[in-house]
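Here's the structure, in structure tokens; my notes come after.
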Amino acid sequence: MKGRAAFAAASSGFAGKVQFDGKSEVQEIQIAGDFAYCWNHLTLSVTPLPSGTPSRREGDILSIFRKEPDGRWVLCRDANMLTAV
């Protein structure tokens with residue numbers, strides 16, 4: 001997937017079919033010039049609607065950010081290591 005529109009298109013099939021609940025715990029943030037990374041531990045529960053059995057995934061996430069010329073920080077890469085628990 002590349003870009004916000006591609007992510008939205010790929011995710012649209014889940015609308016109204018599942019409920020996502022998550023908890024993120026920041027482990028580390030580092031900034032170096034116009035780049036930064038954030039390491040999180042994520043716990044995610046996905047429940048099929050209207051009354052399905054939830055599945056749970058958990059793992060580490062690494063997100064890389066880039067500072068734009070206007071000063072905004074934007075997500076430029078994201079990787080996760082979620083596994084079923």
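For the structure tokens, the naming scheme is as follows: chains receive sequential letters (A, B, ...) according to their order of presentation, residues are indexed from 1 within each chain, and ligands are indexed from 1 in presentation order.
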
Just want the 10 Å neighbourhood of A:Val74, counted on only C-alpha atoms, with same-chain residues fewer than 6 positions away dropped. Output as a list in words.
Phe35, Ala36, Ile64, Phe65, Arg66, Lys67 and Glu68 of chain A

Write out the residues from the selection above, keeping C-alpha atoms, as a PDB file, in the first residue's frame.
```pdb
ATOM      1  CA  PHE A  35      13.680  12.257  10.971  1.00  0.00           C
ATOM      2  CA  ALA A  36      12.338  10.517  14.058  1.00  0.00           C
ATOM      3  CA  ILE A  64       9.386   6.503  11.135  1.00  0.00           C
ATOM      4  CA  PHE A  65       8.455  10.159  10.773  1.00  0.00           C
ATOM      5  CA  ARG A  66       9.764  12.921   8.513  1.00  0.00           C
ATOM      6  CA  LYS A  67       9.592  16.643   9.227  1.00  0.00           C
ATOM      7  CA  GLU A  68       8.041  18.574   6.354  1.00  0.00           C
TER       8      GLU A  68
END
```

What lies within 12 Å of stretch 4-7 of chain A using only C-alpha atoms, ignoring chain neighbours under 5 positions off, as a PDB file with N, CA and C atoms, in the first residue's frame?
```
ATOM      1  N   SER A  12     -11.697  -0.135   3.613  1.00  0.00           N
ATOM      2  CA  SER A  12     -13.132   0.143   3.513  1.00  0.00           C
ATOM      3  C   SER A  12     -13.998  -1.106   3.628  1.00  0.00           C
ATOM      4  N   GLY A  13     -13.481  -2.258   3.286  1.00  0.00           N
ATOM      5  CA  GLY A  13     -14.241  -3.502   3.376  1.00  0.00           C
ATOM      6  C   GLY A  13     -14.570  -3.916   4.804  1.00  0.00           C
ATOM      7  N   PHE A  14     -13.878  -3.340   5.783  1.00  0.00           N
ATOM      8  CA  PHE A  14     -14.121  -3.674   7.193  1.00  0.00           C
ATOM      9  C   PHE A  14     -15.211  -2.819   7.827  1.00  0.00           C
ATOM     10  N   VAL A  74       5.238  13.985   9.652  1.00  0.00           N
ATOM     11  CA  VAL A  74       4.346  13.059   8.953  1.00  0.00           C
ATOM     12  C   VAL A  74       4.928  11.642   9.008  1.00  0.00           C
ATOM     13  N   LEU A  75       4.046  10.674   9.072  1.00  0.00           N
ATOM     14  CA  LEU A  75       4.450   9.271   9.061  1.00  0.00           C
ATOM     15  C   LEU A  75       4.940   8.924   7.663  1.00  0.00           C
ATOM     16  N   CYS A  76       6.160   8.394   7.565  1.00  0.00           N
ATOM     17  CA  CYS A  76       6.656   8.015   6.229  1.00  0.00           C
ATOM     18  C   CYS A  76       6.872   6.519   6.077  1.00  0.00           C
TER      19      CYS A  76
END
```

When DSSP is applied to the backbone of this structure, which of chain A are assigned strand (DSSP E)? Write them out as number ranges by chain.
A: 18-32, 35-48, 55-67, 73-80, 83-84

Hey, can you spit out that residue selection with C-alpha atoms as a compact mmCIF listing (two decimals), in the first residue's frame?
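So the final result, stored in part_23.txt, reads:
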```txt
# COMPACT_ATOMS: atom_id res chain seq x y z
CA VAL A 18 -15.61 -5.46 12.79
CA GLN A 19 -14.76 -3.45 15.88
CA PHE A 20 -11.12 -2.61 16.59
CA ASP A 21 -9.91 -1.91 20.15
CA GLY A 22 -6.27 -1.21 20.83
CA LYS A 23 -3.77 -0.06 23.42
CA SER A 24 -0.40 1.41 22.54
CA GLU A 25 2.49 1.74 24.99
CA VAL A 26 5.32 4.01 23.83
CA GLN A 27 8.70 2.38 24.49
CA GLU A 28 11.07 4.89 22.90
CA ILE A 29 11.13 8.06 20.81
CA GLN A 30 14.27 9.37 19.10
CA ILE A 31 14.64 12.49 16.93
CA ALA A 32 17.59 13.14 14.61
CA PHE A 35 13.68 12.26 10.97
CA ALA A 36 12.34 10.52 14.06
CA TYR A 37 11.29 7.05 15.08
CA CYS A 38 8.87 5.75 17.65
CA TRP A 39 8.84 2.21 19.03
CA ASN A 40 5.51 1.11 20.55
CA HIS A 41 4.07 -2.08 21.95
CA LEU A 42 0.54 -2.60 20.60
CA THR A 43 -2.27 -4.82 21.85
CA LEU A 44 -5.16 -5.12 19.40
CA SER A 45 -8.53 -6.85 19.69
CA VAL A 46 -10.66 -7.39 16.57
CA THR A 47 -14.29 -8.41 17.10
CA PRO A 48 -16.58 -9.39 14.20
CA SER A 55 -9.26 -12.26 18.20
CA ARG A 56 -6.23 -10.66 19.85
CA ARG A 57 -2.88 -9.67 18.44
CA GLU A 58 0.09 -8.15 20.16
CA GLY A 59 3.57 -7.00 19.25
CA ASP A 60 6.00 -4.20 18.55
CA ILE A 61 5.49 -1.37 16.08
CA LEU A 62 8.20 0.82 14.56
CA SER A 63 7.09 4.11 13.00
CA ILE A 64 9.39 6.50 11.13
CA PHE A 65 8.45 10.16 10.77
CA ARG A 66 9.76 12.92 8.51
CA LYS A 67 9.59 16.64 9.23
CA TRP A 73 5.80 15.69 11.30
CA VAL A 74 4.35 13.06 8.95
CA LEU A 75 4.45 9.27 9.06
CA CYS A 76 6.66 8.02 6.23
CA ARG A 77 7.14 4.30 7.14
CA ASP A 78 5.45 1.95 9.56
CA ALA A 79 6.18 -1.69 10.36
CA ASN A 80 4.54 -4.01 12.84
CA THR A 83 1.20 -11.95 16.26
CA ALA A 84 -1.87 -13.83 17.50
```

Please return, as an NGL selection string, all residues of chain A that DSSP assigns to helix (DSSP H, G or I) on the basis of the backbone.
:A and (3-14)

Those residues with C-alpha atoms, as a short mmCIF file (atom, residue, chain, number, x, y, z; two decimals), in the first residue's frame please?
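Below is the file that was written, selection-v3.cif:
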```
data_model
loop_
_atom_site.label_atom_id
_atom_site.label_comp_id
_atom_site.auth_asym_id
_atom_site.auth_seq_id
_atom_site.Cartn_x
_atom_site.Cartn_y
_atom_site.Cartn_z
CA GLY A 3 -0.46 6.56 0.56
CA ARG A 4 -3.54 7.47 2.52
CA ALA A 5 -5.98 6.79 -0.35
CA ALA A 6 -4.65 3.24 -0.86
CA PHE A 7 -4.93 2.51 2.87
CA ALA A 8 -8.50 3.86 2.98
CA ALA A 9 -9.50 1.78 -0.03
CA ALA A 10 -8.01 -1.41 1.42
CA SER A 11 -9.67 -0.79 4.80
CA SER A 12 -13.13 0.14 3.51
CA GLY A 13 -14.24 -3.50 3.38
CA PHE A 14 -14.12 -3.67 7.19
#
```

Spatial neighbours of A:Leu49, max dist 6 Å, only C-alpha atoms, sep filter under 2 positions, as a list of chain:residue names:
A:Lys17, A:Val18, A:Ser51, A:Gly52
